[in-house]
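Pasting entry-v5.txt here (compact mmCIF, C-alpha atoms):
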# COMPACT_ATOMS: atom_id res chain seq x y z
CA LEU A 1 -25.33 -18.74 -7.21
CA ASN A 2 -22.91 -20.44 -4.83
CA MET A 3 -19.39 -20.07 -3.60
CA LYS A 4 -18.03 -20.76 -7.10
CA PHE A 5 -18.95 -17.13 -7.75
CA TYR A 6 -15.78 -16.31 -5.80
CA PRO A 7 -12.42 -17.66 -6.96
CA SER A 8 -10.92 -20.14 -4.53
CA ILE A 9 -7.98 -18.79 -2.57
CA LYS A 10 -5.07 -21.02 -1.61
CA LYS A 11 -4.10 -21.34 2.05
CA THR A 12 -0.86 -19.40 1.51
CA ASN A 13 -2.71 -16.57 -0.20
CA ARG A 14 -5.34 -16.52 2.56
CA ASN A 15 -2.57 -16.06 5.09
CA ILE A 16 -1.20 -13.13 3.08
CA ILE A 17 -4.57 -11.46 2.29
CA LEU A 18 -6.37 -12.01 5.61
CA ILE A 19 -3.51 -11.96 8.11
CA ALA A 20 -0.10 -10.66 7.02
CA ILE A 21 -1.11 -7.68 4.85
CA PRO A 22 -3.89 -6.35 7.15
CA ARG A 23 -1.60 -6.49 10.18
CA THR A 24 1.21 -4.75 8.32
CA VAL A 25 -1.05 -2.09 6.82
CA VAL A 26 -2.78 -1.28 10.13
CA VAL A 27 0.60 -0.79 11.82
CA MET A 28 1.81 1.33 8.88
CA PHE A 29 -1.42 3.38 8.96
CA VAL A 30 -0.91 4.17 12.66
CA LEU A 31 2.75 5.12 12.06
CA PHE A 32 1.75 7.32 9.10
CA GLN A 33 -0.85 9.12 11.25
CA ILE A 34 1.76 9.77 13.96
CA LEU A 35 4.14 11.13 11.31
CA GLY A 36 1.37 13.26 9.77
CA MET A 37 0.52 14.69 13.19
CA TYR A 38 4.18 15.44 13.83
CA VAL A 39 4.64 17.47 10.63
CA TYR A 40 1.23 19.24 10.72
CA PRO A 41 1.99 22.98 11.07
CA GLY A 42 -0.88 23.98 13.35
CA GLY A 43 -4.29 25.56 13.74
CA THR A 44 -7.74 24.16 14.62
CA ILE A 45 -11.28 24.95 13.49
CA LEU A 46 -11.66 27.36 16.42
CA ASP A 47 -8.13 28.74 16.82
CA SER A 48 -5.76 29.35 13.92
CA SER A 49 -2.93 30.41 16.24
CA THR A 50 -2.16 26.98 17.76
CA ARG A 51 1.15 25.31 16.92
CA GLY A 52 1.38 21.71 15.83
CA TYR A 53 -1.30 19.01 15.93
CA SER A 54 -3.67 18.69 18.90
CA PHE A 55 -4.86 15.12 19.48
CA VAL A 56 -8.16 16.35 20.96
CA MET A 57 -8.81 19.44 18.80
CA ASN A 58 -7.61 18.47 15.31
CA PHE A 59 -9.50 16.03 13.13
CA PHE A 60 -7.65 13.46 11.03
CA SER A 61 -8.90 15.43 8.02
CA ASP A 62 -6.88 18.47 9.12
CA MET A 63 -3.79 16.48 8.14
CA GLY A 64 -5.23 15.99 4.66
CA ALA A 65 -5.84 19.69 3.99
CA TYR A 66 -3.87 21.58 1.31
CA ALA A 67 -3.11 24.33 3.82
CA ALA A 68 -3.05 23.96 7.59
CA ARG A 69 -5.66 25.86 9.61
CA ASN A 70 -2.98 28.40 10.59
CA GLY A 71 -2.54 29.23 6.89
CA GLU A 72 0.83 27.52 6.41
CA PRO A 73 1.45 25.01 3.57
CA ASN A 74 0.59 21.45 4.58
CA TYR A 75 1.98 19.47 1.65
CA LEU A 76 3.88 16.76 3.55
CA SER A 77 1.07 15.94 5.97
CA MET A 78 -1.43 15.99 3.07
CA ILE A 79 0.64 13.50 1.04
CA ILE A 80 1.08 11.19 4.05
CA PHE A 81 -2.68 11.32 4.72
CA ALA A 82 -3.56 10.48 1.10
CA ILE A 83 -1.06 7.60 0.90
CA SER A 84 -2.17 6.07 4.22
CA LEU A 85 -5.89 6.12 3.37
CA SER A 86 -5.25 4.77 -0.14
CA MET A 87 -3.19 1.96 1.33
CA VAL A 88 -5.92 1.03 3.82
CA GLY A 89 -8.71 1.37 1.24
CA CYS A 90 -6.99 -0.95 -1.25
CA THR A 91 -6.14 -3.47 1.48
CA PHE A 92 -9.67 -3.59 2.88
CA SER A 93 -11.15 -4.08 -0.59
CA VAL A 94 -9.06 -7.20 -1.20
CA TYR A 95 -9.55 -8.34 2.42
CA TYR A 96 -13.34 -8.27 2.21
CA ILE A 97 -13.42 -9.83 -1.26
CA ALA A 98 -11.60 -12.82 0.28
CA LEU A 99 -13.89 -13.19 3.31
CA PRO A 100 -16.81 -14.99 1.60
CA ASN A 101 -14.34 -17.80 0.85
CA ILE A 102 -14.10 -18.33 4.61
CA PHE A 103 -17.62 -17.68 5.85
CA GLY A 104 -19.99 -18.19 2.90
CA ASN A 105 -20.58 -21.80 3.92
CA ASP A 106 -24.33 -21.88 3.24
CA ARG A 107 -26.75 -19.95 1.05
CA LEU A 108 -27.73 -17.31 3.63
CA ASN A 109 -24.15 -16.77 4.76
CA PHE A 110 -23.07 -16.46 1.14
CA TRP A 111 -25.57 -13.69 0.44
CA LEU A 112 -24.93 -11.90 3.74
CA SER A 113 -21.16 -12.03 3.23
CA THR A 114 -21.60 -10.80 -0.35
CA LEU A 115 -23.72 -7.90 0.96
CA GLY A 116 -21.11 -7.13 3.62
CA THR A 117 -18.31 -7.24 1.05
CA PHE A 118 -20.22 -4.99 -1.38
CA PHE A 119 -20.57 -2.26 1.25
CA ALA A 120 -17.00 -2.78 2.46
CA ILE A 121 -15.76 -2.04 -1.05
CA GLY A 122 -17.94 1.10 -1.04
CA GLY A 123 -16.43 2.11 2.32
CA SER A 124 -12.93 1.41 1.03
CA ILE A 125 -13.53 3.61 -2.03
CA CYS A 126 -14.71 6.34 0.36
CA MET A 127 -11.45 5.97 2.33
CA ILE A 128 -9.44 6.61 -0.83
CA GLY A 129 -11.78 9.47 -1.76
CA THR A 130 -11.33 11.02 1.68
CA GLY A 131 -7.55 10.96 1.22
CA PHE A 132 -7.71 12.76 -2.12
CA THR A 133 -10.26 15.48 -1.29
CA PRO A 134 -8.56 18.12 0.88
CA THR A 135 -11.14 19.52 3.28
CA ASP A 136 -10.13 23.14 2.57
CA LEU A 137 -10.49 22.78 -1.21
CA VAL A 138 -13.49 20.45 -1.69
CA TYR A 139 -15.19 20.42 1.70
CA ASP A 140 -18.58 18.96 0.72
CA THR A 141 -17.05 16.12 -1.31
CA HIS A 142 -14.60 15.36 1.49
CA VAL A 143 -17.36 15.19 4.12
CA LEU A 144 -19.47 12.97 1.82
CA PHE A 145 -16.60 10.49 1.44
CA ALA A 146 -15.53 10.64 5.10
CA ASN A 147 -19.01 10.13 6.59
CA ASN A 148 -19.92 7.37 4.15
CA ILE A 149 -16.92 5.31 5.27
CA PHE A 150 -18.86 4.68 8.46
CA HIS A 151 -22.31 4.40 6.84
CA PHE A 152 -21.02 1.67 4.52
CA PHE A 153 -19.02 -0.20 7.16
CA LEU A 154 -22.01 -0.10 9.52
CA ILE A 155 -23.83 -2.46 7.12
CA THR A 156 -20.67 -4.51 6.61
CA ALA A 157 -20.17 -4.95 10.36
CA LEU A 158 -23.80 -6.02 10.92
CA ALA A 159 -23.74 -8.48 8.01
CA TYR A 160 -20.47 -10.10 9.08
CA THR A 161 -21.47 -10.25 12.76
CA ILE A 162 -24.40 -12.45 11.67
CA VAL A 163 -22.27 -14.42 9.19
CA ILE A 164 -19.47 -15.15 11.67
CA TYR A 165 -22.01 -16.24 14.32
CA ARG A 166 -23.89 -18.50 11.90
CA SER A 167 -20.76 -20.04 10.37
CA GLY A 168 -19.68 -21.64 13.66
CA ILE A 169 -16.08 -21.90 12.41
CA ILE A 170 -14.56 -19.22 14.60
CA LYS A 171 -14.57 -18.78 18.39
CA ILE A 172 -17.44 -16.85 19.99
CA LYS A 173 -15.09 -14.10 21.25
CA TYR A 174 -14.54 -13.05 17.64
CA VAL A 175 -18.31 -12.86 17.12
CA PHE A 176 -18.55 -10.57 20.15
CA GLY A 177 -15.62 -8.56 18.81
CA TYR A 178 -17.37 -7.98 15.49
CA GLY A 179 -20.62 -7.20 17.32
CA LEU A 180 -18.85 -4.53 19.38
CA PHE A 181 -17.35 -3.19 16.15
CA PHE A 182 -20.89 -2.82 14.76
CA ILE A 183 -22.19 -1.13 17.93
CA SER A 184 -19.21 1.27 17.98
CA ILE A 185 -19.79 2.31 14.36
CA LEU A 186 -23.53 2.73 15.05
CA ILE A 187 -22.79 5.04 18.00
CA TYR A 188 -20.37 7.07 15.88
CA VAL A 189 -22.87 7.38 13.02
CA LEU A 190 -25.42 8.69 15.54
CA ILE A 191 -22.81 11.19 16.81
CA LEU A 192 -22.21 12.34 13.23
CA GLN A 193 -25.94 12.75 12.72
CA TYR A 194 -27.07 14.19 16.05
CA GLY A 195 -23.92 15.33 17.89
CA PRO A 196 -23.03 18.98 18.49
CA PRO A 197 -21.40 20.78 15.52
CA ALA A 198 -17.63 20.83 15.93
CA ASN A 199 -17.47 24.57 15.28
CA SER A 200 -20.02 25.45 17.99
CA GLY A 201 -17.49 25.60 20.83
CA GLN A 202 -14.40 24.01 22.35
CA SER A 203 -16.22 21.26 24.27
CA ALA A 204 -18.16 20.28 21.12
CA LEU A 205 -14.93 20.22 19.09
CA ILE A 206 -13.15 18.05 21.67
CA PHE A 207 -16.17 15.69 21.78
CA GLN A 208 -16.29 15.26 17.99
CA VAL A 209 -12.51 14.94 17.56
CA THR A 210 -12.19 12.46 20.44
CA SER A 211 -15.12 10.42 19.10
CA GLN A 212 -13.41 10.24 15.71
CA LYS A 213 -10.12 9.15 17.26
CA ILE A 214 -11.86 6.43 19.32
CA ILE A 215 -13.73 4.94 16.33
CA VAL A 216 -10.55 4.85 14.23
CA ILE A 217 -8.69 3.12 17.08
CA ILE A 218 -11.57 0.62 17.43
CA PHE A 219 -11.54 0.09 13.64
CA CYS A 220 -7.81 -0.71 13.66
CA GLY A 221 -8.12 -2.87 16.77
CA SER A 222 -11.04 -4.79 15.29
CA VAL A 223 -9.13 -5.65 12.12
CA LEU A 224 -6.11 -6.82 14.14
CA HIS A 225 -8.39 -8.87 16.44
CA GLN A 226 -10.03 -10.57 13.45
CA THR A 227 -6.67 -11.61 12.00
CA PHE A 228 -5.97 -13.77 15.06
CA GLY A 229 -9.29 -15.54 14.59
CA PHE A 230 -8.53 -16.15 10.91
CA GLU A 231 -5.04 -17.38 11.77
CA LYS A 232 -6.53 -20.17 13.91
CA ILE A 233 -8.94 -21.45 11.24
CA ILE A 234 -6.68 -21.00 8.19
CA ASN A 235 -3.70 -22.76 9.79
CA LYS A 236 -5.60 -25.72 11.22

Would you put the structure from the file into structure tokens?
Amino acid sequence: LNMKFYPSIKKTNRNIILIAIPRTVVVMFVLFQILGMYVYPGGTILDSSTRGYSFVMNFFSDMGAYAARNGEPNYLSMIIFAISLSMVGCTFSVYYIALPNIFGNDRLNFWLSTLGTFFAIGGSICMIGTGFTPTDLVYDTHVLFANNIFHFFLITALAYTIVIYRSGIIKIKYVFGYGLFFISILIYVLILQYGPPANSGQSALIFQVTSQKIIVIIFCGSVLHQTFGFEKIINK
């Protein structure tokens, strides 16, 4: 096997797939989350009487529920949540399928980038699955999809940190950026595994919700950061 396994991608298409679309979709995702928060009726795991969305006491998944935690219908926020995660999942699938064209420049890098892409596609499918499994209707399935986003992308981040370092075609700051992305996901996976249950008290809920917000912000920031590195090597 060699790089012929992947179809070659023209420079123009690389710009679209690796730079323009990811930037656009990340910005749209953030705007969709803000809109979803704005229209969310209210209620948290611990207090069904709250009004509106609390940035530190409502999970992203609360926006994707069929009914808000205060019992009111949550159709608009649910639809926005599903669309935004589907959009990101589809974009990341194509994005990571294109990456071995850039970094698979020797046998080891080819296999590592293929491994990273395989798990990225798994993580992307889990994003879409998370969007279409309302937590109040299919809780176990929703949690399975949501948690496995980070389990899959943990492997992706490690594989591509090594690949980007070994390739030598992108500045070292982007290697460090991907390395920090990996460390951040690892910390969050450990929080998911060993952190306090969100329903055990207000401080535990705030800790879990804030941790989730931070990792999603890091995820978005990491993708945007990478696009600037790709822009430099694609447009040489």

Near-Phe150 (chain A) list (12 Å; only C-alpha atoms; drop same-chain fewer than 5 positions) as JSON, numbers by chain: {"A": [119, 120, 122, 123, 124, 125, 126, 127, 130, 143, 144, 145, 155, 156, 157, 181, 182, 183, 184, 185, 186, 187, 188, 189, 190, 191, 192, 193, 212, 215, 216, 219]}

Interatomic distance (Å, one decimal) between CA of Ser77 (chain A) and CA of Arg51 (chain A): 14.4 Å

Computed interatomic separation between CA of Pro197 (chain A) and CA of Leu85 (chain A) (Å): 24.6 Å

Separation of CA of Ala159 (chain A) from CA of Gly131 (chain A) in Å: 26.2 Å

Within 12 Å of file point (6.4, 14.7, 9.6), counting only C-alpha atoms, expressed as a PyMOL selection string: chain A and resi 31-41+52-53+63+74-81

Residue with smallest distance to Tyr178 (chain A) - pool A:Ser211, A:Gly229, A:Thr141, A:Pro73, counting all atoms listed in the file: A:Gly229

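When all atoms listed in the file are used to measure the gap to Ile206 (chain A), the shortest distance among A:Thr24, A:Asn109, A:Thr117, A:Ser54 belongs to A:Ser54.
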
A:Val26, A:Ile214, A:Ile17, A:Val138 ranked by distance to Ile97 (chain A), top pick (using all atoms listed in the file): A:Ile17

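Using only C-alpha atoms, the nearest neighbour of Lys171 (chain A) within the list A:Ile233, A:Ile21, A:Ile83, A:Val27 is A:Ile233.
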